[in-house]
$ cat start18.cif   # mmCIF, C-alpha atoms
data_structure
loop_
_atom_site.label_atom_id
_atom_site.label_comp_id
_atom_site.auth_asym_id
_atom_site.auth_seq_id
_atom_site.Cartn_x
_atom_site.Cartn_y
_atom_site.Cartn_z
CA MET A 49 88.84 127.10 75.15
CA GLU A 50 86.02 129.62 75.48
CA THR A 51 82.34 129.19 76.22
CA SER A 52 79.46 131.61 76.14
CA THR A 53 77.48 129.77 78.79
CA ASN A 54 76.86 131.71 81.99
CA ASN A 55 78.78 129.82 84.70
CA SER A 56 76.36 130.88 87.42
CA LYS A 57 73.54 129.02 85.63
CA LEU A 58 75.38 125.71 85.35
CA ASN A 59 73.87 123.13 87.67
CA PRO A 60 75.96 119.91 87.69
CA LYS A 61 73.20 117.75 89.18
CA ASP A 62 70.68 118.84 86.58
CA ILE A 63 73.23 118.22 83.81
CA VAL A 64 73.95 114.69 85.06
CA LEU A 65 70.29 113.75 85.51
CA SER A 66 69.53 115.03 82.02
CA LEU A 67 72.40 112.99 80.55
CA ILE A 68 71.30 109.68 82.09
CA LYS A 69 67.51 110.11 81.83
CA ASP A 70 67.17 107.80 78.82
CA PHE A 71 68.97 104.90 80.54
CA PRO A 72 66.90 102.10 82.12
CA SER A 73 65.83 102.99 85.66
CA ARG A 74 68.09 100.32 87.17
CA THR A 75 71.10 101.70 85.31
CA GLN A 76 70.23 105.23 86.43
CA ASN A 77 69.97 104.09 90.05
CA ILE A 78 73.25 102.18 89.86
CA LEU A 79 75.04 105.28 88.54
CA LYS A 80 73.45 107.44 91.23
CA LYS A 81 74.59 105.04 93.95
CA LYS A 82 78.09 104.48 92.52
CA PHE A 83 78.82 108.20 92.17
CA GLY A 84 76.77 109.51 95.12
CA LEU A 85 74.53 111.57 92.86
CA VAL A 86 71.51 111.56 95.18
CA ASP A 87 72.59 111.48 98.82
CA ASN A 88 76.27 112.42 98.20
CA GLN A 89 77.30 109.00 99.58
CA LEU A 90 79.37 106.74 97.35
CA GLN A 91 78.36 103.08 97.47
CA ALA A 92 80.71 100.16 96.85
CA LEU A 93 80.12 97.86 93.89
CA GLN A 94 79.46 94.94 96.25
CA ALA A 95 76.75 96.82 98.15
CA ILE A 96 75.07 97.96 94.93
CA GLY A 97 75.16 94.42 93.57
CA GLN A 98 73.45 93.06 96.67
CA THR A 99 70.65 95.60 96.23
CA TYR A 100 69.89 94.32 92.72
CA ASN A 101 70.97 90.71 93.27
CA ILE A 102 73.78 90.90 90.74
CA THR A 103 77.55 90.47 91.05
CA ARG A 104 79.90 93.38 91.73
CA GLU A 105 81.51 92.62 88.36
CA ARG A 106 78.16 93.06 86.63
CA VAL A 107 77.72 96.39 88.41
CA ARG A 108 81.18 97.45 87.22
CA GLN A 109 80.27 96.48 83.66
CA ILE A 110 77.04 98.50 83.77
CA VAL A 111 78.92 101.53 85.07
CA ASP A 112 81.73 101.23 82.50
CA ASP A 113 79.32 100.70 79.62
CA SER A 114 77.23 103.70 80.68
CA ILE A 115 80.29 105.96 80.93
CA LYS A 116 81.45 104.78 77.51
CA ILE A 117 78.07 105.53 75.93
CA LEU A 118 77.91 109.00 77.50
CA SER A 119 81.48 109.86 76.53
CA GLN A 120 80.78 108.99 72.88
CA ARG A 121 77.73 111.22 72.62
CA GLU A 122 77.90 114.78 71.36
CA PRO A 123 78.30 116.85 74.54
CA THR A 124 75.66 119.41 75.41
CA ARG A 125 76.55 123.08 75.60
CA GLU A 126 76.38 122.96 79.41
CA LEU A 127 78.64 119.91 79.62
CA THR A 128 81.14 121.50 77.24
CA ALA A 129 81.17 124.63 79.39
CA ILE A 130 82.04 122.62 82.51
CA TRP A 131 84.71 120.66 80.65
CA ASP A 132 86.25 123.94 79.48
CA ILE A 133 86.47 125.14 83.07
CA TYR A 134 88.07 121.88 84.14
CA PHE A 135 90.58 122.04 81.31
CA ASN A 136 91.60 125.63 82.08
CA ILE A 137 92.05 124.85 85.77
CA LEU A 138 94.27 121.87 84.94
CA LYS A 139 96.15 123.83 82.29
CA ASN A 140 97.08 126.46 84.87
CA ASN A 141 98.55 123.68 87.01
CA ASN A 142 100.53 121.95 84.23
CA TYR A 143 97.65 119.55 83.63
CA VAL A 144 97.70 117.71 86.95
CA MET A 145 95.80 118.33 90.17
CA LEU A 146 94.81 116.66 93.41
CA GLU A 147 91.19 115.59 93.02
CA SER A 148 89.97 117.41 96.14
CA ASP A 149 91.62 120.67 95.00
CA LEU A 150 90.28 120.41 91.47
CA LEU A 151 86.69 119.82 92.60
CA GLU A 152 86.89 122.56 95.21
CA GLU A 153 88.13 125.09 92.67
CA ILE A 154 85.41 124.44 90.11
CA LYS A 155 82.83 124.42 92.92
CA ASN A 156 83.95 127.94 93.85
CA ILE A 157 83.96 129.10 90.22
CA LEU A 158 80.39 127.86 89.69
CA LYS A 159 79.34 129.11 93.15
CA ILE A 160 77.54 125.90 93.99
CA SER A 161 77.15 123.99 97.24
CA SER A 162 79.18 121.00 98.40
CA GLN A 163 76.17 118.82 97.62
CA SER A 164 77.05 119.14 93.92
CA ILE A 165 80.64 117.91 94.27
CA LYS A 166 79.79 114.30 93.36
CA ALA A 167 77.97 115.40 90.22
CA LEU A 168 80.97 117.52 89.22
CA ARG A 169 83.18 114.49 89.66
CA PHE A 170 80.90 112.31 87.53
CA LEU A 171 81.12 114.79 84.64
CA LEU A 172 84.91 114.48 84.62
CA PHE A 173 84.66 110.77 83.81
CA LEU A 174 82.70 111.52 80.65
CA ASN A 175 85.61 113.26 78.93
CA PRO A 176 88.25 110.78 77.68
CA ASN A 177 90.87 113.56 77.75
CA PHE A 178 90.67 113.65 81.55
CA VAL A 179 92.45 110.77 83.28
CA PHE A 180 91.70 109.72 86.85
CA GLN A 181 94.32 108.13 89.07
CA PRO A 182 92.66 106.46 92.09
CA GLU A 183 94.20 106.59 95.54
CA THR A 184 96.95 104.05 96.19
CA LYS A 185 99.11 103.20 99.20
CA ASP A 186 101.61 105.82 97.95
CA THR A 187 99.49 108.57 96.42
CA ARG A 188 96.24 110.43 96.91
CA SER A 189 93.74 110.49 94.04
CA TYR A 190 94.39 113.02 91.31
CA TRP A 191 93.36 114.01 87.79
CA TYR A 192 95.49 114.83 84.79
CA THR A 193 94.98 115.35 81.08
CA LYS A 194 96.52 113.47 78.18
CA ASN A 195 99.03 116.30 77.85
CA ARG A 196 100.85 114.46 80.66
CA THR A 197 101.66 110.86 81.49
CA GLN A 198 101.30 109.13 84.81
CA LYS A 199 104.97 108.14 84.62
CA ASP A 200 106.30 111.70 84.45
CA ILE A 201 103.93 112.88 87.19
CA LEU A 202 105.04 110.13 89.57
CA ASN A 203 108.66 110.84 88.66
CA ASP A 204 108.26 114.47 89.80
CA VAL A 205 106.50 113.31 92.98
CA LYS A 206 109.39 110.95 93.77
CA LEU A 207 112.06 113.56 92.98
CA ILE A 208 110.62 115.86 95.62
CA GLU A 209 110.38 113.09 98.19
CA ASN A 210 114.05 112.23 97.63
CA PHE A 211 115.03 115.88 97.97
CA LEU A 212 113.33 116.09 101.37
CA LYS A 213 115.02 112.89 102.48
CA GLN A 214 118.40 114.35 101.54
CA GLN A 215 117.70 117.58 103.44
CA ASN A 216 116.62 115.53 106.46
CA THR A 217 114.64 118.46 107.84
CA SER A 218 111.31 120.06 107.01
CA GLN A 219 111.18 122.59 104.17
CA ASN A 220 108.69 125.29 103.27
CA LEU A 221 107.01 125.34 99.88
CA GLU A 222 109.19 128.21 98.64
CA SER A 223 112.39 126.23 99.29
CA VAL A 224 111.11 123.09 97.56
CA TRP A 225 109.88 125.14 94.61
CA GLU A 226 113.23 126.92 94.17
CA TRP A 227 115.10 123.63 94.38
CA PHE A 228 112.80 121.97 91.85
CA LYS A 229 113.18 124.77 89.27
CA THR A 230 116.96 124.75 89.62
CA SER A 231 117.50 121.00 89.67
CA GLN A 232 115.13 120.27 86.77
CA GLN A 233 116.11 123.39 84.82
CA ARG A 234 112.56 124.12 83.75
CA GLU A 235 109.86 126.58 84.64
CA VAL A 236 107.29 125.24 87.04
CA SER A 237 104.67 127.03 89.12
CA LYS A 238 104.73 126.98 92.88
CA ARG A 239 101.24 125.50 92.83
CA GLU A 240 102.35 122.58 90.66
CA VAL A 241 105.11 121.73 93.15
CA GLU A 242 102.55 121.96 95.96
CA THR A 243 100.40 119.47 94.04
CA TYR A 244 103.26 116.96 93.90
CA LEU A 245 103.84 117.40 97.63
CA ASN A 246 100.18 116.82 98.40
CA ILE A 247 99.81 113.83 96.08
CA ASN A 248 102.52 111.95 97.98
CA LYS A 249 101.06 110.08 100.97
CA HIS A 250 104.50 109.59 102.50
CA LEU A 251 104.80 113.34 103.04
CA GLY A 252 102.96 115.65 105.40
CA ARG A 253 102.72 119.32 106.28
CA ASN A 254 103.03 120.80 109.73
CA ILE A 255 101.16 123.76 111.14
CA TYR A 256 103.85 126.14 109.91
CA GLY A 257 103.36 125.07 106.30
CA GLU A 258 106.57 123.04 106.19
CA TYR A 259 106.76 119.68 104.39
CA GLY A 260 108.64 116.53 105.29
CA LEU A 261 108.31 112.81 105.81
CA LEU A 262 105.44 111.66 108.00
CA GLY A 263 107.85 109.90 110.33
CA TRP A 264 109.63 113.13 111.25
CA SER A 265 108.77 114.70 114.60
CA GLU A 266 108.75 118.12 112.90
CA ILE A 267 105.83 116.91 110.78
CA ASN A 268 104.07 114.39 112.98
CA PRO A 269 104.93 115.27 116.61
CA SER A 270 104.60 112.59 119.25
CA GLY A 271 103.93 114.93 122.14
CA ALA A 272 104.21 118.40 123.68
CA LYS A 273 108.02 118.41 123.54
CA ASP A 274 108.08 118.01 119.74
CA ARG A 275 105.55 120.80 119.29
CA ALA A 276 107.44 122.99 121.77
CA TYR A 277 110.61 122.45 119.77
CA LEU A 278 108.93 123.80 116.62
CA ILE A 279 107.45 126.77 118.48
CA LEU A 280 110.91 127.81 119.73
CA LYS A 281 112.45 127.10 116.34
CA HIS A 282 110.02 129.49 114.65
CA GLN A 283 109.94 132.11 117.41
CA LYS A 284 113.76 132.16 117.26
CA LYS A 285 114.08 133.27 120.86
CA PRO A 286 114.04 131.74 124.37
CA MET A 287 110.62 131.43 126.01
CA HIS A 288 109.24 130.68 129.45
CA PHE A 289 107.60 127.26 129.65
CA SER A 290 104.26 128.84 130.61
CA GLU A 291 104.31 130.93 127.42
CA ILE A 292 105.16 127.83 125.38
CA ALA A 293 102.19 126.03 126.94
CA LYS A 294 99.95 129.00 126.18
CA GLN A 295 100.94 128.98 122.52
CA LEU A 296 100.43 125.23 122.27
CA ASN A 297 96.89 125.64 123.59
CA GLU A 298 96.15 128.58 121.29
CA LEU A 299 97.02 126.79 118.07
CA ARG A 300 94.16 126.96 115.61
CA LYS A 301 93.34 124.08 113.31
CA ILE A 302 94.65 124.40 109.78
CA THR A 303 92.82 122.26 107.28
CA GLY A 304 94.42 120.56 104.31
CA ALA A 305 94.81 117.12 102.81
CA SER A 306 98.47 116.90 103.73
CA LEU A 307 98.40 118.16 107.31
CA ALA A 308 100.05 115.22 109.00
CA SER A 309 98.05 114.70 112.17
CA ASP A 310 95.28 116.93 113.46
CA ASP A 311 95.15 115.16 116.83
CA ALA A 312 98.86 115.50 117.50
CA TRP A 313 98.96 119.21 116.76
CA PHE A 314 95.92 120.37 118.64
CA LYS A 315 95.84 118.52 121.95
CA SER A 316 95.66 120.80 124.98
CA VAL A 317 98.53 120.64 127.47
CA GLU A 318 99.07 121.51 131.13
CA ILE A 319 101.71 124.11 131.95
CA GLN A 320 103.57 121.83 134.34
CA THR A 321 103.52 119.02 131.77
CA VAL A 322 105.41 121.24 129.33
CA HIS A 323 108.05 122.05 131.97
CA ASN A 324 108.43 118.37 132.84
CA GLU A 325 108.81 117.41 129.18
CA LEU A 326 111.36 120.10 128.33
CA VAL A 327 113.61 119.59 131.35
CA LYS A 328 114.14 115.94 130.32
CA ASP A 329 114.73 116.58 126.62
CA PRO A 330 118.36 117.26 125.54
CA ARG A 331 117.20 119.52 122.71
CA PHE A 332 116.26 122.18 125.30
CA VAL A 333 118.43 124.15 127.71
CA LEU A 334 117.11 125.85 130.83
CA ILE A 335 118.87 129.22 130.67
CA GLY A 336 116.92 131.17 133.27
CA ARG A 337 114.10 130.74 135.74
CA GLY A 338 111.68 128.66 133.70
CA VAL A 339 113.11 130.03 130.43
CA TYR A 340 114.12 127.52 127.76
CA ALA A 341 116.24 127.84 124.64
CA LEU A 342 117.28 125.34 121.99
CA ARG A 343 120.65 123.70 122.32
CA ASP A 344 121.07 124.23 118.57
CA TRP A 345 121.37 127.96 119.27
CA GLY A 346 124.54 127.41 121.27
CA TYR A 347 123.07 127.70 124.75
CA LYS A 348 124.73 125.58 127.44
CA GLU A 349 123.87 124.41 130.92
CA GLY A 350 125.77 125.68 133.94
CA LYS A 351 125.87 128.47 136.44
CA ILE A 352 126.66 132.00 135.30
CA ILE A 353 130.00 131.91 137.08
CA ASP A 354 130.96 128.79 135.14
CA VAL A 355 130.03 130.42 131.84
CA ILE A 356 132.18 133.49 132.69
CA LYS A 357 135.09 131.21 133.50
CA ALA A 358 134.63 129.44 130.18
CA VAL A 359 134.43 132.72 128.25
CA LEU A 360 137.70 133.98 129.76
CA ALA A 361 139.41 130.63 129.34
CA ASN A 362 138.44 130.39 125.68
CA ALA A 363 139.44 134.01 125.00
CA ASN A 364 142.92 133.28 126.35
CA HIS A 365 143.41 136.97 127.16
CA PRO A 366 141.81 139.53 129.50
CA LEU A 367 138.41 140.96 128.53
CA THR A 368 136.52 144.11 129.44
CA LYS A 369 133.34 143.91 131.45
CA GLU A 370 131.30 144.72 128.34
CA GLU A 371 133.01 142.02 126.29
CA ILE A 372 132.32 139.44 129.01
CA VAL A 373 128.64 140.44 129.16
CA ASN A 374 128.26 140.14 125.39
CA GLU A 375 129.83 136.70 125.33
CA VAL A 376 127.96 135.31 128.34
CA GLN A 377 124.61 136.46 126.97
CA LYS A 378 125.20 134.40 123.84
CA TYR A 379 124.91 131.27 125.97
CA ARG A 380 122.80 132.15 128.97
CA LEU A 381 119.84 134.42 129.65
CA ALA A 382 121.47 136.66 132.24
CA LYS A 383 121.08 140.30 133.23
CA GLU A 384 124.15 142.56 133.23
CA ASN A 385 123.97 143.08 136.98
CA THR A 386 123.97 139.31 137.58
CA ILE A 387 127.11 138.95 135.47
CA PHE A 388 128.76 141.92 137.22
CA LEU A 389 128.04 140.44 140.64
CA ASN A 390 129.67 137.16 139.64
CA LEU A 391 132.71 139.01 138.29
CA HIS A 392 133.31 140.38 141.80
CA ASN A 393 134.13 136.89 143.04
CA LYS A 394 137.86 137.33 143.76
CA LYS A 395 138.32 133.61 144.18
CA TYR A 396 138.00 133.17 140.42
CA PHE A 397 138.40 136.58 138.74
CA LYS A 398 140.98 139.34 138.92
CA LYS A 399 140.36 142.94 137.85
CA LEU A 400 143.43 144.45 136.19
CA PRO A 401 144.44 148.13 136.34
CA ASP A 402 143.17 148.69 132.80
CA LYS A 403 139.71 147.48 133.94
CA HIS A 404 140.02 144.19 132.10
CA TYR A 405 139.24 140.88 133.80
CA THR A 406 141.19 137.65 133.82
CA LEU A 407 141.08 134.32 135.63
CA VAL A 408 142.90 133.95 138.93
CA HIS A 409 143.88 130.40 137.97
CA PRO A 410 143.88 130.04 134.17
CA PRO A 411 143.19 126.43 133.17
CA LYS A 412 145.53 124.38 131.03
CA SER A 413 142.65 123.64 128.70
CA LYS A 414 139.16 125.03 127.96
CA ILE A 415 136.74 124.69 130.85
CA LEU A 416 133.60 124.52 128.74
CA GLU A 417 133.07 124.13 125.02
CA ILE A 418 131.02 127.15 123.97
#
$ encode --input "start18.cif" --output "structure tokens"
Amino acid sequence: METSTNNSKLNPKDIVLSLIKDFPSRTQNILKKKFGLVDNQLQALQAIGQTYNITRERVRQIVDDSIKILSQREPTRELTAIWDIYFNILKNNNYVMLESDLLEEIKNILKISSQSIKALRFLLFLNPNFVFQPETKDTRSYWYTKNRTQKDILNDVKLIENFLKQQNTSQNLESVWEWFKTSQQREVSKREVETYLNINKHLGRNIYGEYGLLGWSEINPSGAKDRAYLILKHQKKPMHFSEIAKQLNELRKITGASLASDDAWFKSVEIQTVHNELVKDPRFVLIGRGVYALRDWGYKEGKIIDVIKAVLANANHPLTKEEIVNEVQKYRLAKENTIFLNLHNKKYFKKLPDKHYTLVHPPKSKILEI
């Protein structure tokens, strides 16, 4: 749909006030209070009713009747222009959008202030082709057009939630999008999938843009150790606990409706607190002086000499010095010289004429699972 109206000259508040100007003053005031058209503050039906000494049900009736009257009138050119913008935004997102995202996008298109958001929202209610789904215990509020049904939207929302449950670990938007296209065998935009993720109140997003269930520590961390785990997971390398603490304290707030918990992600931490938390948590392994790695990476506890013994025992044949170094460094953060010094311990290791090393007393079974 096209419109010749200049978007920069569209003023939602002026449009609304012009539309309701022929209503009785009480009706105008009720609409202004209900939709926050004056002070940007929405008022509950009960509170409005008390102001005019009428029941909340009577207030609801006045609001519904007014909306019905306005929606049946021939729309003005300005109102049609705004509806066209709304429709095109929704069309580009397969006709469904989180309310906050929809209003923010049209606000940016019209280049108006946040004070006009409530007026923009009111104008949506006047078009019967736009359907509003209020917030529930399971979903955030969203808008869709009659090109869709609430049933199929909620079905897509649930499909994605079930996928994340099956994965049992957080996923980035790209992964969820690729899965959705493949499993449903239909074209869908990445933004549409993001909408379904954000509609679902059981899901959240962490600071790395990954989605999962709110109960997961990767999404809603309970303390410094959970956040430290994600930092190491994304850095993909061992880090000193002081550097982990520094990164935790340098995190910058990322806004968004689905970010699980601002407070949990952005609390400051003491360096020693991080060390104390990590040393007690089995997900982390101390592999050097103050340096931690994730156990998932294959790192193990133990002295360097014990790791060398395990490497040789598991190899079940002599190894060169270089081969031993390569293997040991897969499991412990150790310098070559440190490994060489331990290899000189004749109580445990024997150097063969071909410069290979073996154990003085080979075990009957593996010393350490690595």
$ resolve_selection --input "start18.cif" --expression "the PyMOL selection byres ((chain A and resi 98-105) around 12)" --output "VMD selection string"
chain A and resid 73 to 75 77 to 78 81 to 82 91 to 97 106 to 112
$ closest_residue --input "start18.cif" --among "A:Val333, A:Leu326, A:Lys383, A:Pro411" --to "Leu360 (chain A)" --atoms "only C-alpha atoms"
A:Pro411
$ residues_near_point --input "start18.cif" --point "(91.1, 110.8, 77.8)" --cutoff "12 Å" --atoms "all atoms listed in the file" --output "MDAnalysis selection string"
chainID A and resid 116 119:120 135 172:180 191:197
$ closest_residue --input "start18.cif" --among "A:Glu298, A:Asp329, A:Glu235, A:Glu375" --to "Val359 (chain A)" --atoms "all atoms listed in the file"
A:Glu375
$ resolve_selection --input "start18.cif" --expression "the PyMOL selection byres ((chain A and resi 209-216) around 12)" --output "short mmCIF file (atom, residue, chain, number, x, y, z; two decimals) with C-alpha atoms, in the frame of the given file"
data_model
loop_
_atom_site.label_atom_id
_atom_site.label_comp_id
_atom_site.auth_asym_id
_atom_site.auth_seq_id
_atom_site.Cartn_x
_atom_site.Cartn_y
_atom_site.Cartn_z
CA ASP A 186 101.61 105.82 97.95
CA THR A 187 99.49 108.57 96.42
CA LEU A 202 105.04 110.13 89.57
CA ASN A 203 108.66 110.84 88.66
CA ASP A 204 108.26 114.47 89.80
CA VAL A 205 106.50 113.31 92.98
CA LYS A 206 109.39 110.95 93.77
CA LEU A 207 112.06 113.56 92.98
CA ILE A 208 110.62 115.86 95.62
CA THR A 217 114.64 118.46 107.84
CA SER A 218 111.31 120.06 107.01
CA GLN A 219 111.18 122.59 104.17
CA ASN A 220 108.69 125.29 103.27
CA LEU A 221 107.01 125.34 99.88
CA SER A 223 112.39 126.23 99.29
CA VAL A 224 111.11 123.09 97.56
CA TRP A 225 109.88 125.14 94.61
CA GLU A 226 113.23 126.92 94.17
CA TRP A 227 115.10 123.63 94.38
CA PHE A 228 112.80 121.97 91.85
CA SER A 231 117.50 121.00 89.67
CA VAL A 241 105.11 121.73 93.15
CA TYR A 244 103.26 116.96 93.90
CA LEU A 245 103.84 117.40 97.63
CA ASN A 246 100.18 116.82 98.40
CA ILE A 247 99.81 113.83 96.08
CA ASN A 248 102.52 111.95 97.98
CA LYS A 249 101.06 110.08 100.97
CA HIS A 250 104.50 109.59 102.50
CA LEU A 251 104.80 113.34 103.04
CA GLY A 252 102.96 115.65 105.40
CA GLU A 258 106.57 123.04 106.19
CA TYR A 259 106.76 119.68 104.39
CA GLY A 260 108.64 116.53 105.29
CA LEU A 261 108.31 112.81 105.81
CA LEU A 262 105.44 111.66 108.00
CA GLY A 263 107.85 109.90 110.33
CA TRP A 264 109.63 113.13 111.25
CA SER A 265 108.77 114.70 114.60
CA GLU A 266 108.75 118.12 112.90
CA ILE A 267 105.83 116.91 110.78
#
$ resolve_selection --input "start18.cif" --expression "the PyMOL selection byres ((chain A and resi 271) around 10)" --output "ChimeraX atom specification"
/A:265,268-270,272-276,312-313,315,317,322,325
$ write_last_selection --input "start18.cif" --atoms "C-alpha atoms" --output "PDB file, keeping the file's coordinate frame"
ATOM      1  CA  SER A 265     108.770 114.700 114.600  1.00  0.00           C
ATOM      2  CA  ASN A 268     104.070 114.390 112.980  1.00  0.00           C
ATOM      3  CA  PRO A 269     104.930 115.270 116.610  1.00  0.00           C
ATOM      4  CA  SER A 270     104.600 112.590 119.250  1.00  0.00           C
ATOM      5  CA  ALA A 272     104.210 118.400 123.680  1.00  0.00           C
ATOM      6  CA  LYS A 273     108.020 118.410 123.540  1.00  0.00           C
ATOM      7  CA  ASP A 274     108.080 118.010 119.740  1.00  0.00           C
ATOM      8  CA  ARG A 275     105.550 120.800 119.290  1.00  0.00           C
ATOM      9  CA  ALA A 276     107.440 122.990 121.770  1.00  0.00           C
ATOM     10  CA  ALA A 312      98.860 115.500 117.500  1.00  0.00           C
ATOM     11  CA  TRP A 313      98.960 119.210 116.760  1.00  0.00           C
ATOM     12  CA  LYS A 315      95.840 118.520 121.950  1.00  0.00           C
ATOM     13  CA  VAL A 317      98.530 120.640 127.470  1.00  0.00           C
ATOM     14  CA  VAL A 322     105.410 121.240 129.330  1.00  0.00           C
ATOM     15  CA  GLU A 325     108.810 117.410 129.180  1.00  0.00           C
TER      16      GLU A 325
END
